>>> print(open('work_31.cif').read())   # mmCIF, C-alpha atoms
data_data
loop_
_atom_site.label_atom_id
_atom_site.label_comp_id
_atom_site.auth_asym_id
_atom_site.auth_seq_id
_atom_site.Cartn_x
_atom_site.Cartn_y
_atom_site.Cartn_z
CA MET X 360 14.77 8.53 2.42
CA ALA X 361 15.83 5.87 -0.06
CA ARG X 362 13.30 3.16 -0.80
CA HIS X 363 15.04 -0.21 -0.72
CA LEU X 364 14.27 -2.93 -3.20
CA SER X 365 15.85 -6.27 -2.43
CA PRO X 366 16.65 -8.89 -5.08
CA ARG X 367 13.38 -10.59 -4.12
CA ALA X 368 11.57 -7.34 -4.82
CA PHE X 369 13.23 -7.17 -8.21
CA GLY X 370 13.03 -10.61 -9.63
CA THR X 371 12.04 -13.79 -7.79
CA ARG X 372 8.90 -15.72 -8.55
CA ALA X 373 7.41 -14.27 -5.38
CA ALA X 374 7.88 -10.61 -6.30
CA LEU X 375 8.39 -8.01 -8.98
CA ALA X 376 11.20 -7.89 -11.50
CA LEU X 377 11.93 -5.09 -13.89
CA VAL X 378 12.80 -6.93 -17.05
CA LEU X 379 13.71 -6.32 -20.66
CA ALA X 380 12.39 -6.88 -24.17
CA LEU X 381 13.94 -5.25 -27.23
CA ALA X 382 10.76 -4.07 -28.90
CA GLY X 383 9.21 -2.58 -25.81
CA CYS X 384 11.73 -3.02 -23.09
CA VAL X 385 13.19 -0.92 -20.37
CA GLY X 386 15.87 0.50 -22.55
CA GLY X 387 17.55 -2.57 -23.89
CA PRO X 388 17.93 -5.96 -25.50
CA ASP X 389 15.41 -8.66 -26.15
CA GLU X 390 13.65 -11.57 -24.55
CA PRO X 391 11.26 -10.48 -21.84
CA ARG X 392 10.59 -12.30 -18.63
CA THR X 393 7.46 -12.52 -16.56
CA VAL X 394 6.84 -10.94 -13.20
CA ARG X 395 4.75 -11.43 -10.09
CA SER X 396 3.58 -8.70 -7.83
CA ALA X 397 1.51 -7.56 -4.91
CA ALA X 398 -2.21 -6.88 -4.58
CA PRO X 399 -3.97 -4.24 -6.70
CA PRO X 400 -3.69 -0.63 -5.55
CA PRO X 401 -6.33 1.99 -5.04
CA ARG X 402 -6.77 4.03 -8.21
CA ALA X 403 -7.05 7.74 -8.72
CA GLU X 404 -9.71 9.40 -10.79
CA LEU X 405 -8.89 10.73 -14.21
CA ALA X 406 -8.01 14.41 -13.92
CA GLN X 407 -10.50 16.64 -15.70
CA ASP X 408 -9.04 20.05 -14.82
CA LEU X 409 -5.30 19.90 -15.35
CA ALA X 410 -2.97 22.06 -13.30
CA PRO X 411 -0.25 23.85 -15.30
CA ASN X 412 2.75 21.63 -16.11
CA LEU X 413 1.16 18.52 -14.59
CA ALA X 414 0.28 15.56 -16.75
CA PRO X 415 -3.22 14.10 -16.78
CA ASN X 416 -3.43 10.80 -14.95
CA LEU X 417 -4.40 7.90 -17.20
CA ALA X 418 -5.74 5.86 -14.28
CA PRO X 419 -9.32 4.59 -14.61
CA PRO X 420 -12.16 5.95 -12.49
CA ALA X 421 -11.97 5.21 -8.78
CA ASP X 422 -14.97 2.88 -8.80
CA ALA X 423 -13.56 0.57 -11.46
CA VAL X 424 -12.98 -2.91 -10.05
CA PRO X 425 -10.32 -4.92 -11.93
CA GLY X 426 -10.74 -8.56 -12.66
CA LEU X 427 -14.46 -8.72 -11.91
CA THR X 428 -16.03 -7.47 -15.11
CA PRO X 429 -16.74 -9.78 -18.07
CA ALA X 430 -14.42 -9.85 -21.06
CA ALA X 431 -14.83 -6.81 -23.27
CA ALA X 432 -14.46 -8.52 -26.62
CA SER X 433 -17.70 -8.14 -28.58
CA ALA X 434 -16.40 -10.27 -31.43
CA PRO X 435 -13.14 -11.96 -32.41
CA GLY X 436 -10.56 -9.29 -33.07
CA ARG X 437 -12.48 -6.53 -31.27
CA ILE X 438 -12.49 -5.17 -27.74
CA GLY X 439 -15.37 -2.89 -26.81
CA LYS X 440 -18.34 -1.53 -28.74
CA GLY X 441 -17.67 2.22 -28.76
CA SER X 442 -17.94 4.59 -31.68
CA VAL X 443 -14.26 5.63 -31.66
CA LYS X 444 -12.24 2.98 -33.47
CA VAL X 445 -8.55 2.38 -32.80
CA ALA X 446 -6.32 -0.39 -34.12
CA LEU X 447 -4.06 -2.53 -31.92
CA VAL X 448 -1.47 -4.13 -34.21
CA VAL X 449 0.59 -6.77 -32.38
CA PRO X 450 2.03 -10.21 -33.18
CA LEU X 451 -0.53 -12.89 -32.35
CA SER X 452 1.31 -15.46 -34.45
CA GLY X 453 4.93 -15.77 -35.55
CA GLN X 454 7.77 -13.93 -33.82
CA GLY X 455 6.69 -12.39 -30.52
CA ALA X 456 3.26 -14.07 -30.43
CA SER X 457 3.34 -14.55 -26.64
CA LEU X 458 4.12 -10.85 -26.17
CA GLY X 459 1.33 -9.88 -28.53
CA ALA X 460 -1.16 -12.02 -26.65
CA ALA X 461 -0.17 -10.38 -23.37
CA MET X 462 -0.50 -6.93 -24.91
CA ARG X 463 -3.96 -7.83 -26.17
CA ASN X 464 -4.85 -8.91 -22.63
CA ALA X 465 -3.49 -5.66 -21.23
CA ALA X 466 -5.60 -3.69 -23.70
CA GLU X 467 -8.68 -5.60 -22.55
CA LEU X 468 -7.81 -4.93 -18.91
CA ALA X 469 -7.51 -1.21 -19.62
CA MET X 470 -10.92 -1.20 -21.29
CA GLU X 471 -12.48 -3.07 -18.37
CA GLU X 472 -10.98 -0.77 -15.77
CA TYR X 473 -12.29 2.24 -17.66
CA GLN X 474 -15.75 0.62 -17.54
CA GLN X 475 -16.01 0.38 -21.30
CA PRO X 476 -15.28 3.87 -22.67
CA ASP X 477 -16.66 4.97 -26.03
CA LEU X 478 -13.90 3.04 -27.72
CA GLN X 479 -13.59 0.03 -29.98
CA ILE X 480 -10.20 -1.64 -30.30
CA LEU X 481 -9.67 -3.46 -33.60
CA VAL X 482 -7.09 -6.13 -32.70
CA ARG X 483 -5.02 -7.15 -35.70
CA ASP X 484 -2.26 -9.75 -36.03
CA ASP X 485 0.88 -8.51 -37.79
CA ARG X 486 2.28 -12.07 -37.82
CA GLY X 487 5.57 -10.72 -36.48
CA ALA X 488 6.53 -9.52 -39.96
CA PRO X 489 6.57 -6.21 -41.87
CA ASP X 490 4.14 -7.37 -44.55
CA GLY X 491 1.71 -8.47 -41.88
CA ALA X 492 2.05 -5.15 -40.07
CA ARG X 493 1.38 -3.17 -43.23
CA GLU X 494 -1.67 -5.27 -44.08
CA ALA X 495 -3.00 -5.11 -40.52
CA ALA X 496 -2.70 -1.33 -40.29
CA SER X 497 -4.13 -0.77 -43.74
CA GLY X 498 -7.11 -3.05 -43.09
CA ALA X 499 -7.90 -1.48 -39.72
CA ILE X 500 -7.74 2.03 -41.17
CA ALA X 501 -10.10 0.95 -43.95
CA GLU X 502 -12.49 -0.19 -41.20
CA GLY X 503 -12.41 3.27 -39.63
CA ALA X 504 -9.49 3.18 -37.19
CA GLU X 505 -8.43 6.73 -36.30
CA LEU X 506 -5.19 5.68 -34.61
CA VAL X 507 -2.81 2.72 -34.75
CA LEU X 508 -1.40 1.34 -31.50
CA GLY X 509 1.68 -0.78 -32.22
CA PRO X 510 3.41 -2.58 -33.75
CA LEU X 511 6.06 -3.98 -31.44
CA PHE X 512 9.15 -4.55 -33.61
CA ALA X 513 11.04 -1.80 -35.41
CA ALA X 514 10.71 -3.10 -38.97
CA ASN X 515 7.00 -3.64 -38.44
CA VAL X 516 6.58 -0.09 -37.12
CA SER X 517 8.15 1.26 -40.30
CA ALA X 518 5.87 -0.90 -42.42
CA ALA X 519 2.66 -0.01 -40.56
CA SER X 520 3.51 3.68 -40.67
CA VAL X 521 3.29 3.75 -44.48
CA PRO X 522 -0.48 3.27 -44.83
CA ALA X 523 -1.10 5.23 -41.64
CA ARG X 524 0.84 8.22 -42.93
CA ALA X 525 -0.92 8.03 -46.29
CA ALA X 526 -4.28 8.14 -44.50
CA GLY X 527 -3.21 10.90 -42.10
CA LYS X 528 -3.58 8.66 -39.05
CA PRO X 529 -1.06 8.73 -36.17
CA VAL X 530 0.81 5.67 -34.89
CA ILE X 531 1.75 5.05 -31.26
CA ALA X 532 4.26 2.20 -31.43
CA PHE X 533 6.18 0.13 -28.89
CA SER X 534 9.65 -0.25 -30.43
CA THR X 535 12.76 0.96 -28.60
CA ASP X 536 14.53 1.68 -31.89
CA ALA X 537 14.60 5.48 -32.08
CA SER X 538 15.31 5.37 -35.82
CA VAL X 539 11.69 4.42 -36.59
CA ALA X 540 10.27 7.47 -34.81
CA ALA X 541 9.00 10.27 -37.03
CA PRO X 542 6.39 13.03 -36.97
CA GLY X 543 3.11 11.15 -36.63
CA THR X 544 4.85 7.92 -35.56
CA TYR X 545 5.33 8.14 -31.79
CA LEU X 546 7.21 5.68 -29.61
CA LEU X 547 5.55 4.77 -26.32
CA SER X 548 8.43 2.64 -25.08
CA PHE X 549 11.43 2.72 -22.77
CA LEU X 550 14.01 4.47 -24.90
CA PRO X 551 17.62 4.19 -23.73
CA GLN X 552 18.21 7.81 -24.71
CA ALA X 553 15.88 8.98 -21.92
CA GLU X 554 17.73 6.79 -19.43
CA VAL X 555 21.07 8.27 -20.48
CA ASP X 556 19.74 11.80 -20.07
CA ARG X 557 18.38 11.04 -16.61
CA ILE X 558 21.50 9.39 -15.20
CA VAL X 559 23.81 12.09 -16.57
CA GLU X 560 21.55 14.84 -15.22
CA GLU X 561 21.42 13.22 -11.78
CA SER X 562 25.20 12.74 -11.76
CA VAL X 563 25.93 16.35 -12.64
CA SER X 564 23.39 17.69 -10.15
CA GLY X 565 25.15 15.61 -7.50
CA GLY X 566 28.52 17.23 -8.23
CA ARG X 567 30.02 14.90 -10.86
CA ARG X 568 31.93 16.82 -13.50
CA SER X 569 34.30 14.47 -15.39
CA PHE X 570 32.94 11.50 -17.35
CA ALA X 571 34.55 8.52 -19.04
CA ALA X 572 32.80 5.67 -20.81
CA LEU X 573 33.30 2.02 -21.81
CA ILE X 574 30.79 1.23 -24.54
CA PRO X 575 30.25 -2.06 -26.41
CA GLU X 576 30.57 -2.16 -30.19
CA ASN X 577 26.97 -3.05 -30.98
CA ALA X 578 23.68 -1.40 -31.90
CA TYR X 579 22.84 -0.60 -28.30
CA GLY X 580 26.24 0.99 -27.77
CA ASN X 581 25.82 3.08 -30.90
CA ALA X 582 22.44 4.32 -29.71
CA VAL X 583 23.60 5.39 -26.27
CA GLU X 584 27.01 6.85 -27.20
CA ALA X 585 25.58 9.74 -29.20
CA GLN X 586 23.10 10.56 -26.45
CA PHE X 587 25.76 10.31 -23.77
CA ARG X 588 28.08 12.73 -25.55
CA GLU X 589 25.23 15.19 -26.09
CA ALA X 590 23.95 14.93 -22.50
CA VAL X 591 27.38 15.49 -20.94
CA ALA X 592 27.97 18.55 -23.13
CA ARG X 593 24.49 19.94 -22.49
CA LYS X 594 24.99 19.72 -18.73
CA GLY X 595 28.34 21.53 -18.92
CA ALA X 596 30.40 18.55 -17.76
CA ARG X 597 33.69 17.28 -19.20
CA LEU X 598 34.18 14.13 -21.26
CA VAL X 599 37.69 12.84 -20.55
CA GLY X 600 37.60 9.62 -22.55
CA ILE X 601 35.47 7.05 -24.39
CA GLU X 602 36.60 3.58 -25.40
CA ARG X 603 34.61 1.05 -27.44
CA TYR X 604 35.14 -2.70 -27.17
CA VAL X 605 34.03 -5.90 -28.82
CA PRO X 606 31.46 -7.53 -26.53
CA GLY X 607 33.18 -10.13 -24.40
CA ALA X 608 36.61 -8.54 -24.78
CA SER X 609 36.68 -5.35 -22.73
CA GLU X 610 40.20 -5.69 -21.29
CA PRO X 611 42.05 -3.83 -24.09
CA ALA X 612 39.62 -0.91 -23.88
CA ILE X 613 40.01 -0.77 -20.10
CA ALA X 614 43.77 -0.74 -20.51
CA ARG X 615 43.52 2.14 -23.00
CA LEU X 616 41.52 4.20 -20.52
CA GLY X 617 44.31 3.48 -18.07
CA GLY X 618 44.97 6.31 -15.66
CA LEU X 619 41.72 8.07 -16.52
CA ILE X 620 39.71 5.63 -14.38
CA THR X 621 42.26 3.93 -12.10
CA GLY X 622 44.89 5.05 -9.66
CA ALA X 623 45.26 8.12 -7.47
CA GLY X 624 45.55 10.42 -10.46
CA ALA X 625 42.36 9.32 -12.22
CA GLN X 626 40.87 12.21 -14.20
CA ALA X 627 37.30 10.90 -14.31
CA ASP X 628 34.90 10.92 -11.39
CA THR X 629 32.19 8.96 -13.24
CA LEU X 630 32.34 5.92 -15.55
CA PHE X 631 29.44 5.18 -17.91
CA LEU X 632 28.93 1.44 -18.53
CA PRO X 633 25.96 0.80 -20.85
CA GLU X 634 26.40 -2.99 -20.86
CA THR X 635 23.73 -5.65 -20.64
CA ALA X 636 23.10 -7.98 -17.73
CA GLU X 637 24.71 -10.75 -19.76
CA GLY X 638 27.90 -8.84 -20.54
CA LEU X 639 28.32 -6.72 -17.44
CA PRO X 640 29.77 -9.38 -15.08
CA ALA X 641 32.78 -9.88 -17.35
CA VAL X 642 33.32 -6.12 -17.75
CA ALA X 643 32.99 -5.62 -13.99
CA ALA X 644 35.51 -8.38 -13.29
CA ALA X 645 37.98 -6.85 -15.76
CA LEU X 646 37.58 -3.45 -14.13
CA THR X 647 38.22 -4.88 -10.66
CA LYS X 648 41.30 -6.70 -11.94
CA ALA X 649 42.58 -3.41 -13.44
CA GLY X 650 42.28 -1.65 -10.09
CA PHE X 651 39.04 0.25 -10.66
CA ALA X 652 37.59 1.53 -7.35
CA PRO X 653 33.88 2.44 -7.45
CA SER X 654 34.28 4.26 -4.13
CA ARG X 655 36.36 6.88 -5.99
CA ILE X 656 34.86 6.79 -9.48
CA ARG X 657 31.13 6.15 -9.61
CA PRO X 658 29.92 3.69 -12.25
CA ILE X 659 26.63 4.66 -13.92
CA GLY X 660 24.37 2.85 -16.35
CA THR X 661 20.94 2.47 -17.91
CA ALA X 662 17.97 0.28 -17.07
CA VAL X 663 19.69 -2.79 -18.51
CA TRP X 664 21.47 -2.92 -15.14
CA ASN X 665 18.17 -3.63 -13.42
CA GLU X 666 18.90 -7.30 -12.75
CA PRO X 667 19.39 -8.73 -9.23
CA ARG X 668 22.31 -10.91 -10.25
CA LEU X 669 24.34 -7.75 -10.90
CA PHE X 670 23.82 -6.20 -7.49
CA ALA X 671 26.67 -8.13 -5.80
CA LEU X 672 29.36 -7.23 -8.36
CA PRO X 673 32.20 -5.42 -6.54
CA ALA X 674 32.80 -2.97 -9.40
CA LEU X 675 29.19 -1.77 -9.26
CA GLN X 676 28.90 -1.02 -5.54
CA GLY X 677 27.71 2.55 -5.22
CA GLY X 678 26.86 2.58 -8.91
CA ARG X 679 23.67 4.20 -10.14
CA PHE X 680 21.28 3.62 -13.01
CA ALA X 681 18.08 5.18 -14.35
CA ALA X 682 14.91 3.15 -14.78
CA PRO X 683 11.14 3.48 -14.40
CA ASP X 684 9.87 3.37 -10.84
CA ALA X 685 9.00 -0.23 -9.97
CA GLY X 686 5.81 0.50 -8.07
CA GLY X 687 3.51 1.27 -10.98
CA PHE X 688 4.29 -1.90 -12.87
CA GLY X 689 4.02 -3.95 -9.69
CA ASN X 690 0.48 -2.75 -9.14
CA PHE X 691 -0.45 -3.39 -12.76
CA ALA X 692 1.07 -6.88 -12.64
CA GLY X 693 -1.07 -7.77 -9.63
CA ARG X 694 -4.26 -6.72 -11.41
CA TYR X 695 -3.22 -8.50 -14.61
CA GLN X 696 -2.55 -11.74 -12.75
CA ALA X 697 -5.87 -11.50 -10.92
CA ARG X 698 -7.66 -11.09 -14.26
CA PHE X 699 -5.77 -13.54 -16.46
CA GLY X 700 -4.14 -15.98 -14.02
CA THR X 701 -0.59 -15.37 -15.20
CA SER X 702 2.16 -12.79 -14.79
CA PRO X 703 2.56 -10.21 -17.57
CA PRO X 704 5.76 -9.60 -19.50
CA ARG X 705 7.25 -6.17 -18.89
CA VAL X 706 6.09 -4.87 -22.27
CA ALA X 707 2.41 -5.41 -21.41
CA SER X 708 2.18 -2.16 -19.46
CA LEU X 709 2.85 -0.25 -22.68
CA ALA X 710 -0.31 -1.63 -24.28
CA TYR X 711 -2.26 -0.82 -21.13
CA ASP X 712 -0.99 2.76 -21.14
CA ALA X 713 -1.65 3.14 -24.87
CA VAL X 714 -5.29 2.12 -24.50
CA SER X 715 -5.70 4.19 -21.32
CA LEU X 716 -4.27 7.20 -23.14
CA THR X 717 -6.62 6.63 -26.05
CA ALA X 718 -9.63 6.41 -23.74
CA ALA X 719 -8.61 9.55 -21.86
CA LEU X 720 -8.06 11.57 -25.02
CA ALA X 721 -11.35 10.39 -26.55
CA ARG X 722 -13.15 11.43 -23.39
CA GLN X 723 -11.55 14.88 -23.07
CA TYR X 724 -10.63 16.21 -26.50
CA GLY X 725 -13.51 15.45 -28.87
CA THR X 726 -12.61 15.73 -32.53
CA GLN X 727 -9.05 16.78 -31.64
CA ARG X 728 -8.49 13.63 -29.61
CA PHE X 729 -5.66 12.23 -31.75
CA ALA X 730 -4.37 15.43 -33.35
CA ASP X 731 -0.60 15.90 -33.26
CA ALA X 732 -1.00 18.98 -31.06
CA THR X 733 -2.97 16.92 -28.54
CA LEU X 734 -0.54 14.00 -28.52
CA THR X 735 2.51 16.23 -28.10
CA LYS X 736 1.31 18.42 -25.22
CA SER X 737 4.40 19.35 -23.23
CA ALA X 738 2.91 18.34 -19.87
CA GLY X 739 2.58 14.77 -21.15
CA PHE X 740 0.54 12.02 -19.55
CA SER X 741 0.80 9.95 -16.38
CA GLY X 742 0.64 6.19 -16.87
CA ILE X 743 1.57 2.87 -15.28
CA ASP X 744 5.29 3.58 -15.59
CA GLY X 745 5.15 7.25 -14.66
CA THR X 746 4.88 10.47 -16.62
CA PHE X 747 5.71 10.44 -20.33
CA ARG X 748 5.28 12.72 -23.31
CA PHE X 749 5.61 12.46 -27.05
CA ARG X 750 7.92 14.82 -28.86
CA PRO X 751 7.07 16.23 -32.29
CA ASP X 752 9.86 14.09 -33.80
CA GLY X 753 8.14 10.92 -32.55
CA LEU X 754 10.50 10.17 -29.68
CA SER X 755 9.30 10.23 -26.09
CA ASP X 756 10.50 11.60 -22.77
CA ARG X 757 9.91 9.74 -19.50
CA ALA X 758 10.13 10.61 -15.84
CA LEU X 759 12.58 8.03 -14.47
CA ALA X 760 13.89 7.14 -11.04
CA VAL X 761 17.58 6.72 -10.21
CA TYR X 762 18.65 3.64 -8.25
CA GLU X 763 21.86 2.99 -6.31
CA ILE X 764 23.38 -0.48 -5.91
CA ARG X 765 24.53 -1.47 -2.43
CA ASN X 766 24.93 -4.87 -0.77
CA ASN X 767 22.87 -7.06 -3.08
CA SER X 768 20.02 -4.62 -3.55
CA ALA X 769 19.09 -1.42 -5.32
CA SER X 770 17.54 1.62 -3.65
CA VAL X 771 15.79 4.64 -5.12
CA VAL X 772 18.02 7.63 -4.41
CA SER X 773 16.21 10.04 -6.72
CA PRO X 774 12.49 9.36 -7.27
CA ALA X 775 10.92 9.83 -10.67
CA PRO X 776 9.57 13.39 -10.86
CA ARG X 777 5.84 13.87 -11.30
CA ALA X 778 6.34 16.57 -13.92
CA LEU X 779 8.76 16.48 -16.83
CA ALA X 780 11.29 19.24 -17.32
CA LYS X 781 10.86 21.62 -20.22
CA PRO X 782 11.98 20.02 -23.50
CA GLY X 783 15.69 20.48 -24.19
CA THR X 784 16.77 21.12 -20.60
#
>>> encode(input="work_31.cif", output="structure tokens")
Amino acid sequence: MARHLSPRAFGTRAALALVLALAGCVGGPDEPRTVRSAAPPPRAELAQDLAPNLAPNLAPPADAVPGLTPAAASAPGRIGKGSVKVALVVPLSGQGASLGAAMRNAAELAMEEYQQPDLQILVRDDRGAPDGAREAASGAIAEGAELVLGPLFAANVSAASVPARAAGKPVIAFSTDASVAAPGTYLLSFLPQAEVDRIVEESVSGGRRSFAALIPENAYGNAVEAQFREAVARKGARLVGIERYVPGASEPAIARLGGLITGAGAQADTLFLPETAEGLPAVAAALTKAGFAPSRIRPIGTAVWNEPRLFALPALQGGRFAAPDAGGFGNFAGRYQARFGTSPPRVASLAYDAVSLTAALARQYGTQRFADATLTKSAGFSGIDGTFRFRPDGLSDRALAVYEIRNNSASVVSPAPRALAKPGT
């Protein structure tokens, strides 16, 4: 049965919104927003004996009580007093400082909810700049950090990875720019490539066989086009046409697709529209004007569609998109607000999951806690936003839900799976 999420459940001040931030967003462009959510959930105990193909849960122990413990910072720039040192490199000044502060809070919340594991987080300010990121990572490693969490922005990830790689220390970063991933530099973020894979897979499994696409001429469009082509081919479907367009001027591209997506003889049964919430209304209006009928050709997209103002667009009715399940972040947001008195930006859950992962690995894997073989286990890990795993190339896979748009709301029509498929399938 589909789980319905109204616009209020997605974005008003009274409820949860799934929102976007380029350096750690749900698949897309910048500028995060804050969210509000419901009361804290019950929490499961960390799995000690892992069943085959199931990810360990990163949730804290069941008796942890959020929001009631004292702050974990033992000194400025440090959270916790454990023997295992890990760096958290985020912007606390300069570009993205408000995001960095929220991520620092989320890291503290994770430590509190784990009842102070044998972990010490060295919080370092990268000043929102590559030089700051390089200095922060280098200094933390010199102080004994075994792992770098962060940075947030792509250029800063590249910079911080240099001293980390030289010291043989892994990086778990929060950028959505796949180009900065590399062996030893892992991206714990919402990569659009995973969203493309999920929505294409769900479409094909539901009987869709012929795909067309309208893709903007920008960096986001470039990132998703290659993945879209590969995913369609891998699933044995047919690509009947792709047109690119200058953002804000989609009409010529729609006209070029012509009979492939409109009229009784349309060759496509699915239209991929990886456009942002800002640009999609104009594209949708141009499609409607051209005679596009979503009842005959299903529009599909990525998590950038996850905005309530899009759910009434005629061209998107019946359309589907892939995104993380909303429930996990909603629960986290409630605990965060209870602890800090404010709603977290969407990116904050990544810092929480990074610290939770670090605590879980330190507890279970001893001296191999941050080894590449440990970090890239195929079963992955279960966090706030569902199951994820790191690939040897530094990219990540995520278990995502698929939503359908109908009548001013979006409903889950395919829940996020608990276990990830085998790599490459």
>>> residues_around(input="work_31.cif", residues="segment 538-544 of chain X", least_positions_apart="2", cutoff="12 Å", atoms="all atoms listed in the file", output="ChimeraX atom specification")
/X:382,506-536,546-548,550,552,578,581-582,729-735,749-755
>>> closest_residue(input="work_31.cif", among="X:Ala553, X:Pro575, X:Ala697, X:Arg722", to="Gly441 of chain X", atoms="all atoms listed in the file")
X:Arg722
>>> atom_distance(input="work_31.cif", atom1="atom CA of Trp664 of chain X", atom2="atom CA of Phe699 of chain X")
29.3 Å
>>> resolve_selection(input="work_31.cif", expression="the PyMOL selection byres ((chain X and resi 683) around 7)", output="list in words")
Ala682, Asp684, Ala685, Asp744, Leu759 and Ala760 of chain X
>>> closest_residue(input="work_31.cif", among="X:Arg557, X:Arg748, X:Arg694, X:Lys781", to="Ala469 of chain X", atoms="all atoms listed in the file")
X:Arg694
>>> closest_residue(input="work_31.cif", among="X:Ala446, X:Leu619, X:Leu716, X:Leu709", to="Gly503 of chain X", atoms="all atoms listed in the file")
X:Ala446
>>> closest_residue(input="work_31.cif", among="X:Arg705, X:Asn690, X:Ile764, X:Glu610", to="Gln676 of chain X", atoms="all atoms listed in the file")
X:Ile764
>>> atom_distance(input="work_31.cif", atom1="atom CA of Val642 of chain X", atom2="atom CA of Leu675 of chain X")
10.4 Å
>>> residues_around(input="work_31.cif", residues="Ala488 of chain X", least_positions_apart="3", cutoff="8 Å", atoms="only C-alpha atoms", output="PDB file with C-alpha atoms, keeping the file's coordinate frame")
ATOM      1  CA  GLY X 453       4.930 -15.770 -35.550  1.00  0.00           C
ATOM      2  CA  GLN X 454       7.770 -13.930 -33.820  1.00  0.00           C
ATOM      3  CA  ASP X 485       0.880  -8.510 -37.790  1.00  0.00           C
ATOM      4  CA  GLY X 491       1.710  -8.470 -41.880  1.00  0.00           C
ATOM      5  CA  ALA X 492       2.050  -5.150 -40.070  1.00  0.00           C
ATOM      6  CA  ALA X 514      10.710  -3.100 -38.970  1.00  0.00           C
ATOM      7  CA  ASN X 515       7.000  -3.640 -38.440  1.00  0.00           C
TER       8      ASN X 515
END
